[in-house]
Each structure stands twice: as structure tokens, then as C-alpha cells.
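Coordinates as given in run_18.pdb (PDB, C-alpha atoms, pLDDT in the B column):
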```
ATOM      1  CA  MET A1136       0.000   0.000   0.000  1.00 47.00           C
ATOM      2  CA  SER A1137       2.654   2.487   1.003  1.00 51.00           C
ATOM      3  CA  ASP A1138       4.801   1.450  -1.983  1.00 53.00           C
ATOM      4  CA  GLU A1139       1.901   2.126  -4.279  1.00 54.00           C
ATOM      5  CA  PHE A1140       1.456   5.552  -2.721  1.00 55.00           C
ATOM      6  CA  GLU A1141       5.135   6.335  -3.181  1.00 55.00           C
ATOM      7  CA  ASP A1142       4.943   5.302  -6.829  1.00 54.00           C
ATOM      8  CA  ASP A1143       2.009   7.611  -7.422  1.00 56.00           C
ATOM      9  CA  PHE A1144       4.031  10.501  -6.080  1.00 58.00           C
ATOM     10  CA  SER A1145       7.200   9.851  -8.023  1.00 62.00           C
ATOM     11  CA  GLY A1146       5.742  11.361 -11.192  1.00 74.00           C
ATOM     12  CA  GLU A1147       6.638  14.563 -12.925  1.00 86.00           C
ATOM     13  CA  ILE A1148       7.237  17.748 -11.006  1.00 91.00           C
ATOM     14  CA  LYS A1149       4.405  20.220 -11.365  1.00 93.00           C
ATOM     15  CA  ARG A1150       4.464  23.970 -11.246  1.00 95.00           C
ATOM     16  CA  PHE A1151       2.492  25.300  -8.268  1.00 96.00           C
ATOM     17  CA  MET A1152       1.815  28.981  -7.724  1.00 97.00           C
ATOM     18  CA  PHE A1153       0.335  30.399  -4.531  1.00 97.00           C
ATOM     19  CA  VAL A1154      -1.366  33.718  -5.250  1.00 97.00           C
ATOM     20  CA  ASN A1155      -1.596  36.072  -2.264  1.00 98.00           C
ATOM     21  CA  ARG A1156      -3.941  39.043  -2.558  1.00 97.00           C
ATOM     22  CA  LYS A1157      -5.039  39.793   1.015  1.00 97.00           C
ATOM     23  CA  ALA A1158      -3.578  42.025   3.728  1.00 98.00           C
ATOM     24  CA  PRO A1159      -1.957  39.957   6.477  1.00 97.00           C
ATOM     25  CA  HIS A1160      -3.842  40.418   9.756  1.00 97.00           C
ATOM     26  CA  GLY A1161      -7.455  41.373   9.040  1.00 96.00           C
ATOM     27  CA  THR A1162      -8.276  37.881   7.775  1.00 96.00           C
ATOM     28  CA  ILE A1163      -6.712  34.412   8.146  1.00 96.00           C
ATOM     29  CA  TYR A1164      -5.888  34.019   4.428  1.00 97.00           C
ATOM     30  CA  ALA A1165      -2.251  35.099   4.564  1.00 98.00           C
ATOM     31  CA  LEU A1166      -1.328  32.818   7.446  1.00 97.00           C
ATOM     32  CA  GLU A1167      -3.220  29.889   5.900  1.00 97.00           C
ATOM     33  CA  SER A1168      -1.394  30.402   2.615  1.00 97.00           C
ATOM     34  CA  LEU A1169       1.953  30.400   4.365  1.00 97.00           C
ATOM     35  CA  GLU A1170       1.075  27.146   6.157  1.00 96.00           C
ATOM     36  CA  VAL A1171       0.160  25.448   2.877  1.00 96.00           C
ATOM     37  CA  VAL A1172       3.305  26.754   1.196  1.00 96.00           C
ATOM     38  CA  LEU A1173       5.447  25.261   3.957  1.00 94.00           C
ATOM     39  CA  ILE A1174       3.619  21.933   3.619  1.00 93.00           C
ATOM     40  CA  SER A1175       4.124  21.993  -0.139  1.00 92.00           C
ATOM     41  CA  ALA A1176       7.866  22.176   0.389  1.00 88.00           C
ATOM     42  CA  ALA A1177       7.766  18.563   1.553  1.00 90.00           C
ATOM     43  CA  PHE A1178       6.596  17.372  -1.878  1.00 90.00           C
ATOM     44  CA  ASP A1179       9.520  18.593  -3.975  1.00 90.00           C
ATOM     45  CA  GLN A1180       7.386  20.462  -6.471  1.00 93.00           C
ATOM     46  CA  ASP A1181       8.211  23.627  -8.428  1.00 95.00           C
ATOM     47  CA  VAL A1182       6.689  26.193  -6.061  1.00 96.00           C
ATOM     48  CA  SER A1183       6.397  29.928  -6.573  1.00 97.00           C
ATOM     49  CA  LEU A1184       4.616  32.648  -4.600  1.00 98.00           C
ATOM     50  CA  ALA A1185       2.901  35.661  -6.112  1.00 98.00           C
ATOM     51  CA  PHE A1186       2.062  38.782  -4.134  1.00 98.00           C
ATOM     52  CA  LEU A1187      -0.282  41.332  -5.658  1.00 98.00           C
ATOM     53  CA  ASP A1188      -2.991  43.778  -4.604  1.00 97.00           C
ATOM     54  CA  ASP A1189      -3.089  43.950  -0.774  1.00 98.00           C
ATOM     55  CA  GLY A1190      -1.029  40.749  -0.665  1.00 98.00           C
ATOM     56  CA  VAL A1191       2.113  42.875  -0.924  1.00 98.00           C
ATOM     57  CA  PHE A1192       1.394  44.063   2.640  1.00 98.00           C
ATOM     58  CA  GLN A1193       2.193  40.529   3.840  1.00 98.00           C
ATOM     59  CA  LEU A1194       5.870  41.151   3.107  1.00 98.00           C
ATOM     60  CA  ARG A1195       6.037  44.649   4.603  1.00 98.00           C
ATOM     61  CA  LYS A1196       8.945  45.260   6.986  1.00 97.00           C
ATOM     62  CA  GLY A1197       8.403  46.191  10.621  1.00 97.00           C
ATOM     63  CA  GLN A1198       5.228  44.202  11.297  1.00 98.00           C
ATOM     64  CA  ASN A1199       4.537  43.292  14.916  1.00 97.00           C
ATOM     65  CA  ALA A1200       1.243  41.448  15.251  1.00 96.00           C
ATOM     66  CA  ASN A1201       2.148  40.597  18.851  1.00 96.00           C
ATOM     67  CA  VAL A1202       0.642  43.942  19.889  1.00 96.00           C
ATOM     68  CA  LEU A1203      -2.712  42.457  18.796  1.00 95.00           C
ATOM     69  CA  GLU A1204      -1.866  39.219  20.644  1.00 95.00           C
ATOM     70  CA  MET A1205      -1.762  37.482  17.269  1.00 94.00           C
ATOM     71  CA  LYS A1206       0.940  35.349  15.649  1.00 95.00           C
ATOM     72  CA  ASN A1207       3.618  37.548  14.105  1.00 96.00           C
ATOM     73  CA  PHE A1208       4.348  35.415  11.033  1.00 97.00           C
ATOM     74  CA  ALA A1209       6.082  37.915   8.738  1.00 97.00           C
ATOM     75  CA  PRO A1210       9.600  36.692   9.724  1.00 96.00           C
ATOM     76  CA  THR A1211       8.631  33.236   8.437  1.00 97.00           C
ATOM     77  CA  TYR A1212       8.850  34.509   4.839  1.00 97.00           C
ATOM     78  CA  ARG A1213      12.584  34.832   5.414  1.00 96.00           C
ATOM     79  CA  ALA A1214      12.749  31.110   6.210  1.00 95.00           C
ATOM     80  CA  LEU A1215      11.264  29.991   2.884  1.00 96.00           C
ATOM     81  CA  GLU A1216      14.673  29.963   1.245  1.00 95.00           C
ATOM     82  CA  GLY A1217      15.663  27.206   3.667  1.00 94.00           C
ATOM     83  CA  TYR A1218      12.857  25.103   2.219  1.00 94.00           C
ATOM     84  CA  ASP A1219      14.085  25.717  -1.336  1.00 94.00           C
ATOM     85  CA  ILE A1220      11.186  28.076  -2.007  1.00 95.00           C
ATOM     86  CA  GLU A1221      12.990  30.919  -3.709  1.00 95.00           C
ATOM     87  CA  LYS A1222      10.600  32.206  -6.359  1.00 97.00           C
ATOM     88  CA  LEU A1223       8.784  35.147  -4.819  1.00 98.00           C
ATOM     89  CA  TYR A1224       7.174  37.456  -7.354  1.00 98.00           C
ATOM     90  CA  VAL A1225       5.750  40.843  -6.331  1.00 98.00           C
ATOM     91  CA  GLU A1226       3.686  42.971  -8.685  1.00 98.00           C
ATOM     92  CA  ARG A1227       5.156  46.414  -9.292  1.00 98.00           C
ATOM     93  CA  GLU A1228       1.820  48.155  -9.821  1.00 97.00           C
ATOM     94  CA  SER A1229       0.542  46.849  -6.493  1.00 97.00           C
ATOM     95  CA  LEU A1230       3.592  48.161  -4.639  1.00 97.00           C
ATOM     96  CA  GLU A1231       3.330  51.569  -6.308  1.00 96.00           C
ATOM     97  CA  ALA A1232      -0.366  51.976  -5.484  1.00 95.00           C
ATOM     98  CA  ARG A1233       0.573  51.509  -1.822  1.00 96.00           C
ATOM     99  CA  GLY A1234       3.529  53.890  -1.807  1.00 94.00           C
ATOM    100  CA  MET A1235       5.979  51.000  -1.417  1.00 96.00           C
ATOM    101  CA  THR A1236       9.109  49.657  -3.097  1.00 97.00           C
ATOM    102  CA  ALA A1237      11.073  46.406  -2.833  1.00 97.00           C
ATOM    103  CA  ASP A1238      13.122  48.108  -0.087  1.00 98.00           C
ATOM    104  CA  ASP A1239      10.040  47.989   2.149  1.00 98.00           C
ATOM    105  CA  LEU A1240       9.890  44.179   2.059  1.00 98.00           C
ATOM    106  CA  VAL A1241      11.292  41.625   4.528  1.00 98.00           C
ATOM    107  CA  VAL A1242      12.771  39.349   1.855  1.00 97.00           C
ATOM    108  CA  PRO A1243      14.502  39.695  -1.508  1.00 97.00           C
ATOM    109  CA  VAL A1244      11.902  39.274  -4.239  1.00 98.00           C
ATOM    110  CA  GLU A1245      11.592  39.580  -7.984  1.00 98.00           C
ATOM    111  CA  VAL A1246       9.461  42.605  -8.784  1.00 98.00           C
ATOM    112  CA  VAL A1247       7.509  42.045 -11.987  1.00 98.00           C
ATOM    113  CA  ASP A1248       5.009  44.150 -13.878  1.00 97.00           C
ATOM    114  CA  ARG A1249       1.379  43.132 -14.265  1.00 97.00           C
ATOM    115  CA  ALA A1250       1.841  41.709 -17.742  1.00 96.00           C
ATOM    116  CA  ARG A1251       4.721  39.503 -16.595  1.00 98.00           C
ATOM    117  CA  MET A1252       2.685  38.391 -13.561  1.00 97.00           C
ATOM    118  CA  ALA A1253      -0.102  37.328 -15.899  1.00 95.00           C
ATOM    119  CA  GLU A1254       2.365  35.270 -17.938  1.00 97.00           C
ATOM    120  CA  LEU A1255       3.727  33.601 -14.816  1.00 97.00           C
ATOM    121  CA  MET A1256       0.202  32.692 -13.702  1.00 96.00           C
ATOM    122  CA  ALA A1257      -0.688  31.275 -17.112  1.00 94.00           C
ATOM    123  CA  ASP A1258       2.461  29.168 -17.074  1.00 95.00           C
ATOM    124  CA  GLN A1259       1.488  27.110 -13.995  1.00 96.00           C
ATOM    125  CA  ASP A1260       0.025  23.631 -13.671  1.00 95.00           C
ATOM    126  CA  VAL A1261      -1.787  24.527 -10.459  1.00 95.00           C
ATOM    127  CA  VAL A1262      -2.722  27.965  -9.090  1.00 95.00           C
ATOM    128  CA  MET A1263      -3.962  28.244  -5.501  1.00 96.00           C
ATOM    129  CA  SER A1264      -5.511  31.546  -4.465  1.00 96.00           C
ATOM    130  CA  PHE A1265      -5.571  33.109  -1.017  1.00 97.00           C
TER     131      PHE A1265
ATOM    132  CA  MET B1016     -21.031  61.075  14.582  1.00 97.00           C
ATOM    133  CA  LEU B1017     -18.064  58.692  14.708  1.00 97.00           C
ATOM    134  CA  HIS B1018     -17.454  56.430  11.721  1.00 97.00           C
ATOM    135  CA  THR B1019     -15.066  53.458  11.700  1.00 98.00           C
ATOM    136  CA  VAL B1020     -13.648  51.731   8.608  1.00 98.00           C
ATOM    137  CA  ASN B1021     -11.922  48.347   9.021  1.00 98.00           C
ATOM    138  CA  LYS B1022     -11.174  47.369   5.396  1.00 98.00           C
ATOM    139  CA  SER B1023      -8.251  48.293   3.190  1.00 97.00           C
ATOM    140  CA  PRO B1024      -9.155  51.131   0.812  1.00 97.00           C
ATOM    141  CA  LEU B1025      -7.570  49.144  -2.012  1.00 95.00           C
ATOM    142  CA  GLN B1026      -9.695  46.074  -1.405  1.00 94.00           C
ATOM    143  CA  THR B1027     -13.167  47.562  -0.924  1.00 95.00           C
ATOM    144  CA  ASN B1028     -15.018  50.829  -1.509  1.00 95.00           C
ATOM    145  CA  ASP B1029     -15.853  51.221   2.202  1.00 96.00           C
ATOM    146  CA  LEU B1030     -13.517  54.127   2.910  1.00 97.00           C
ATOM    147  CA  ALA B1031     -14.673  56.137  -0.089  1.00 96.00           C
ATOM    148  CA  SER B1032     -18.319  55.500   0.756  1.00 95.00           C
ATOM    149  CA  CYS B1033     -17.774  56.452   4.382  1.00 97.00           C
ATOM    150  CA  LEU B1034     -16.018  59.671   3.393  1.00 97.00           C
ATOM    151  CA  GLY B1035     -18.967  60.489   1.176  1.00 94.00           C
ATOM    152  CA  HIS B1036     -21.183  60.355   4.241  1.00 94.00           C
ATOM    153  CA  LEU B1037     -18.869  62.053   6.728  1.00 96.00           C
ATOM    154  CA  GLY B1038     -20.557  65.420   6.405  1.00 94.00           C
ATOM    155  CA  THR B1039     -19.085  68.571   7.875  1.00 95.00           C
ATOM    156  CA  ASP B1040     -18.843  67.379  11.474  1.00 95.00           C
ATOM    157  CA  GLY B1041     -18.328  63.612  11.322  1.00 97.00           C
ATOM    158  CA  ARG B1042     -15.213  61.899  12.628  1.00 98.00           C
ATOM    159  CA  LEU B1043     -13.446  58.977  10.945  1.00 98.00           C
ATOM    160  CA  LEU B1044     -11.386  56.367  12.796  1.00 98.00           C
ATOM    161  CA  MET B1045      -9.514  53.796  10.703  1.00 98.00           C
ATOM    162  CA  ILE B1046      -8.995  50.421  12.425  1.00 98.00           C
ATOM    163  CA  GLU B1047      -7.808  46.890  11.516  1.00 98.00           C
ATOM    164  CA  ASP B1048      -7.061  46.711   7.744  1.00 98.00           C
ATOM    165  CA  GLY B1049      -8.626  50.170   7.471  1.00 98.00           C
ATOM    166  CA  VAL B1050      -5.387  51.653   8.787  1.00 98.00           C
ATOM    167  CA  TYR B1051      -3.840  51.230   5.328  1.00 98.00           C
ATOM    168  CA  GLY B1052      -5.956  54.269   4.452  1.00 97.00           C
ATOM    169  CA  ALA B1053      -3.437  56.326   6.418  1.00 97.00           C
ATOM    170  CA  LEU B1054      -0.447  55.354   4.242  1.00 95.00           C
ATOM    171  CA  SER B1055       0.924  58.627   2.951  1.00 92.00           C
ATOM    172  CA  GLY B1056       1.217  59.221  -0.770  1.00 89.00           C
ATOM    173  CA  THR B1057      -1.684  57.002  -1.779  1.00 93.00           C
ATOM    174  CA  GLU B1058      -5.020  57.634  -3.474  1.00 93.00           C
ATOM    175  CA  ALA B1059      -6.793  57.006  -0.144  1.00 94.00           C
ATOM    176  CA  THR B1060      -4.936  59.767   1.647  1.00 93.00           C
ATOM    177  CA  ARG B1061      -5.773  62.179  -1.158  1.00 94.00           C
ATOM    178  CA  GLN B1062      -9.440  61.320  -0.640  1.00 95.00           C
ATOM    179  CA  LEU B1063      -9.340  61.987   3.077  1.00 96.00           C
ATOM    180  CA  ALA B1064      -7.043  65.011   2.979  1.00 97.00           C
ATOM    181  CA  GLY B1065      -9.930  67.454   3.492  1.00 97.00           C
ATOM    182  CA  PRO B1066     -11.328  66.087   6.761  1.00 98.00           C
ATOM    183  CA  ALA B1067      -7.815  65.141   7.898  1.00 98.00           C
ATOM    184  CA  GLY B1068      -6.776  68.765   7.509  1.00 97.00           C
ATOM    185  CA  GLU B1069      -9.681  69.704   9.766  1.00 98.00           C
ATOM    186  CA  GLY B1070      -8.508  67.274  12.454  1.00 98.00           C
ATOM    187  CA  ARG B1071     -11.396  64.868  11.984  1.00 98.00           C
ATOM    188  CA  VAL B1072      -9.495  61.730  10.936  1.00 98.00           C
ATOM    189  CA  TYR B1073      -7.901  59.242  13.328  1.00 98.00           C
ATOM    190  CA  VAL B1074      -6.093  55.913  13.053  1.00 98.00           C
ATOM    191  CA  LEU B1075      -5.617  53.203  15.686  1.00 98.00           C
ATOM    192  CA  GLY B1076      -1.950  52.926  16.684  1.00 98.00           C
ATOM    193  CA  PRO B1077      -1.745  49.238  17.620  1.00 98.00           C
ATOM    194  CA  ASP B1078      -3.246  48.251  14.254  1.00 98.00           C
ATOM    195  CA  LEU B1079      -0.616  50.384  12.493  1.00 98.00           C
ATOM    196  CA  GLU B1080       2.204  48.772  14.455  1.00 98.00           C
ATOM    197  CA  ALA B1081       0.950  45.245  13.744  1.00 98.00           C
ATOM    198  CA  ARG B1082       1.065  46.003  10.017  1.00 98.00           C
ATOM    199  CA  GLY B1083       4.489  47.613   9.943  1.00 97.00           C
ATOM    200  CA  VAL B1084       3.251  51.150   9.344  1.00 97.00           C
ATOM    201  CA  ASP B1085       5.304  53.631  11.385  1.00 96.00           C
ATOM    202  CA  ALA B1086       2.946  55.956  13.267  1.00 95.00           C
ATOM    203  CA  GLY B1087       5.303  58.822  12.409  1.00 94.00           C
ATOM    204  CA  THR B1088       4.778  58.344   8.672  1.00 93.00           C
ATOM    205  CA  VAL B1089       0.993  58.488   8.380  1.00 96.00           C
ATOM    206  CA  ALA B1090      -0.587  61.050   6.078  1.00 96.00           C
ATOM    207  CA  ASP B1091      -0.698  64.705   7.080  1.00 96.00           C
ATOM    208  CA  GLY B1092      -3.385  65.584   9.586  1.00 97.00           C
ATOM    209  CA  VAL B1093      -4.229  62.008  10.533  1.00 98.00           C
ATOM    210  CA  GLN B1094      -4.084  61.599  14.317  1.00 98.00           C
ATOM    211  CA  VAL B1095      -2.897  58.362  15.919  1.00 98.00           C
ATOM    212  CA  VAL B1096      -4.908  57.157  18.929  1.00 98.00           C
ATOM    213  CA  ASP B1097      -4.615  54.192  21.303  1.00 98.00           C
ATOM    214  CA  TYR B1098      -7.473  52.036  22.618  1.00 98.00           C
ATOM    215  CA  ALA B1099      -8.317  54.590  25.315  1.00 98.00           C
ATOM    216  CA  GLY B1100      -8.437  57.216  22.580  1.00 98.00           C
ATOM    217  CA  PHE B1101     -10.872  55.028  20.642  1.00 98.00           C
ATOM    218  CA  VAL B1102     -13.174  54.929  23.674  1.00 97.00           C
ATOM    219  CA  GLN B1103     -12.879  58.685  24.134  1.00 98.00           C
ATOM    220  CA  LEU B1104     -13.880  59.258  20.492  1.00 98.00           C
ATOM    221  CA  VAL B1105     -17.025  57.195  21.048  1.00 96.00           C
ATOM    222  CA  VAL B1106     -17.801  59.184  24.208  1.00 97.00           C
ATOM    223  CA  ASP B1107     -17.177  62.547  22.530  1.00 97.00           C
ATOM    224  CA  HIS B1108     -18.619  61.906  19.076  1.00 97.00           C
ATOM    225  CA  GLY B1109     -21.156  59.073  19.373  1.00 90.00           C
ATOM    226  CA  PRO B1110     -23.260  57.557  17.988  1.00 94.00           C
ATOM    227  CA  HIS B1111     -20.879  55.244  16.177  1.00 94.00           C
ATOM    228  CA  GLN B1112     -21.345  53.747  12.732  1.00 95.00           C
ATOM    229  CA  ALA B1113     -19.139  50.855  11.593  1.00 96.00           C
ATOM    230  CA  TRP B1114     -18.627  50.657   7.799  1.00 96.00           C
ATOM    231  CA  VAL B1115     -18.037  46.897   7.702  1.00 95.00           C
TER     232      VAL B1115
END
```

Take the structure I supplied and represent it as C-alpha cells, if you would.
Amino acid sequence: MSDEFEDDFSGEIKRFMFVNRKAPHGTIYALESLEVVLISAAFDQDVSLAFLDDGVFQLRKGQNANVLEMKNFAPTYRALEGYDIEKLYVERESLEARGMTADDLVVPVEVVDRARMAELMADQDVVMSF
Amino acid sequence: MLHTVNKSPLQTNDLASCLGHLGTDGRLLMIEDGVYGALSGTEATRQLAGPAGEGRVYVLGPDLEARGVDAGTVADGVQVVDYAGFVQLVVDHGPHQAWV
């Protein structure tokens, strides 16, 4: 049984993109996305993260959700590299609309324009939205 | 009257709608994800510049800090309050309407 399961999982590597469009603390979406991303690291797939619209706020420097007695998960984005999750794409237009630049973010990212983001999305096997 | 907005101005139309109903004497307090309305240099802060200039716009400090927005960098005229300040606004300017 377990051998069969292993065989099923030894197939081709798929391209997974996690699309993050929500601000980090007003809803549970951002934290849930991060949990699923960390789980996905165990499956050796081709994982990328996209941050657009209010999702770019998830990566903003200086967050301290502890003052709300909530989990302060922003530093966890810096740990993704250790799980071989290194493709973080942030939409330029979304940053600009919020008065932000890549310098305002907690991790190094690839800033892409909206057209490039659309191409990246279209290029995936699986897109999961949060 | 005291109005509160708890959604990001870039995600919903709540802030703009609230501002349209603020009148000449209403007060606005931005809380939770609404505090992104206080980010300087954005379309939202242009929309609220009028009432902010009249000292009628507030933002909740702990919600700013949680989201990495330095209280010293909020848009001109927007006043930062703590939880006690929130209560005082309700006392001074009630009734309260939440634009949820």
C-alpha cells in the first residue's frame, strides 16, 4: 500500500503557484497560505509565490502582530529559502499603489510588472488563491 | 457622529463610501485593515485630505504597528490614537457607525 502511494508521487514535477492578494492580519488568508506553502515544500514540487494587490502588505517590513496578541508570522517569509522556495514574485503596480518599493519588504523578491505576472500565472500547472 | 472603517481602501469601496457620508462634522477612525488608508502618498490619503486637515481623521496605533506602518509616517493631519483614545472618540462623538 505504502509502496503504491510512493509510486504515485514519483511522477513529474508540477508547477504550483500560490497567489496572495489579502492584507496579512485582518483575515486568516495570509497565514493559511503560508502554512500550505510550507507543507508543499515537503513534496519537492516547483513552487512559486505571487504577491499582488493587498497581498504585498504581507511582506512589509516592521510588522509586529504581537501587539494584537496574534501570531507575528512575517519573519517566516525569510525562512522559505531554507525550504528551497525561492521564487517570490511581487507585482510592481501593487507596490506603487501603496507607496511601497522592494526596499520595504522583509525578503529579496523579484518585482515584476502586471503583464509579466499574468504570464507567470498562465504558465502554472496549479494555481492556488488566497 | 463617529465612523469606523476596518477594510483596506484598495480592497473595498468602504472608505470612499464612508467619506462620502462624513458630512461637515463627522469623525473617521480607521482600524484593523482600514489603517492602510493612512499610508501617505496614496489615493486614499488624497481622498481623506480634506477632513484630515480639519482634524477629523484618526487611526488606531496598535493596528498600524501590527502592520508595519510607522505611526510617524501616516498622512498629514491624521491623528494616531490608542485604545483609550478610541473609547474617548465614542464618548465625545457618538453615535458610532461601523462601515463593515

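Between atom CA of B:Trp1114 and atom CA of B:Ser1055 there is a distance of 21.7 Å.
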
Considering all atoms listed in the file, tabulate each residue of chain A that lies at most 6 Å from chain B along with its nearest interatomic pair and the corresponding distance in Å to one decimal; arrange the rows by chain and ascending residue number and present them as a tab-separated table.
```
residue	atom	partner	partner_atom	distance
A:Gly1161	CA	B:Asp1048	CA	5.5
A:Lys1196	CA	B:Gly1083	CA	5.8
A:Gly1197	CA	B:Gly1083	CA	4.2
A:Gln1198	CA	B:Gly1083	CA	3.7
A:Asn1199	CA	B:Ala1081	CA	4.2
A:Ala1200	CA	B:Ala1081	CA	4.1
A:Arg1233	CA	B:Thr1057	CA	5.9
A:Gly1234	CA	B:Gly1056	CA	5.9
```

Set the distance at 7 Å and use all atoms listed in the file: which residues neighbour B:Arg1042 once local chain neighbours fewer than 6 positions away are removed? I'd like the list as a list in words. Met1016, Leu1017, His1018, Arg1071 and Val1072 of chain B

Can you translate the PyMOL selection byres ((chain A and resi 1240-1245) around 7) into the concrete residues it hits in this file, as a list in words? Leu1194, Arg1195, Lys1196, Tyr1212, Arg1213, Leu1223, Tyr1224, Val1225, Ala1237, Asp1238, Asp1239, Val1246 and Val1247 of chain A

Given the file shown, determine the residues that the PyMOL selection byres ((chain A and resi 1154-1158) around 6) selects; report them as a PyMOL selection string. chain A and resi 1153+1159+1185-1190+1192-1193+1264-1265

Given the selection you just returned, output its residues as a file containing C-alpha atoms, formatted as a PDB file, keeping the file's coordinate frame.
```
ATOM      1  CA  PHE A1153       0.335  30.399  -4.531  1.00 97.00           C
ATOM      2  CA  PRO A1159      -1.957  39.957   6.477  1.00 97.00           C
ATOM      3  CA  ALA A1185       2.901  35.661  -6.112  1.00 98.00           C
ATOM      4  CA  PHE A1186       2.062  38.782  -4.134  1.00 98.00           C
ATOM      5  CA  LEU A1187      -0.282  41.332  -5.658  1.00 98.00           C
ATOM      6  CA  ASP A1188      -2.991  43.778  -4.604  1.00 97.00           C
ATOM      7  CA  ASP A1189      -3.089  43.950  -0.774  1.00 98.00           C
ATOM      8  CA  GLY A1190      -1.029  40.749  -0.665  1.00 98.00           C
ATOM      9  CA  PHE A1192       1.394  44.063   2.640  1.00 98.00           C
ATOM     10  CA  GLN A1193       2.193  40.529   3.840  1.00 98.00           C
ATOM     11  CA  SER A1264      -5.511  31.546  -4.465  1.00 96.00           C
ATOM     12  CA  PHE A1265      -5.571  33.109  -1.017  1.00 97.00           C
TER      13      PHE A1265
END
```

Stretch 1091-1100 of chain B surroundings by only C-alpha atoms, 9 Å radius, close-in-sequence under 4 positions cut, as a ChimeraX atom specification: /B:1044,1053,1055,1060,1064,1066-1077,1079,1086-1087,1104-1105

Please, what is the axis-aligned box for every listed atom of stretch 1161-1177 of chain A with 4 Å on each side, as centre and edge lengths in Å to one decimal, as JSON?
```
{"center_x": -0.2, "center_y": 30.0, "center_z": 4.5, "size_x": 24.1, "size_y": 30.8, "size_z": 17.2}
```

Length of the atom CA of A:Lys1149 to atom CA of A:Asp1181 vector [Å]: 5.9 Å

Interatomic distance between atom CA of B:Gln1062 and atom CA of B:Gly1109? 23.3 Å

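Each of A:Val1191, A:Phe1151, A:Gly1217, A:Val1171 was checked against A:Ala1232 using all atoms listed in the file; the smallest atom-to-atom distance is that of A:Val1191.
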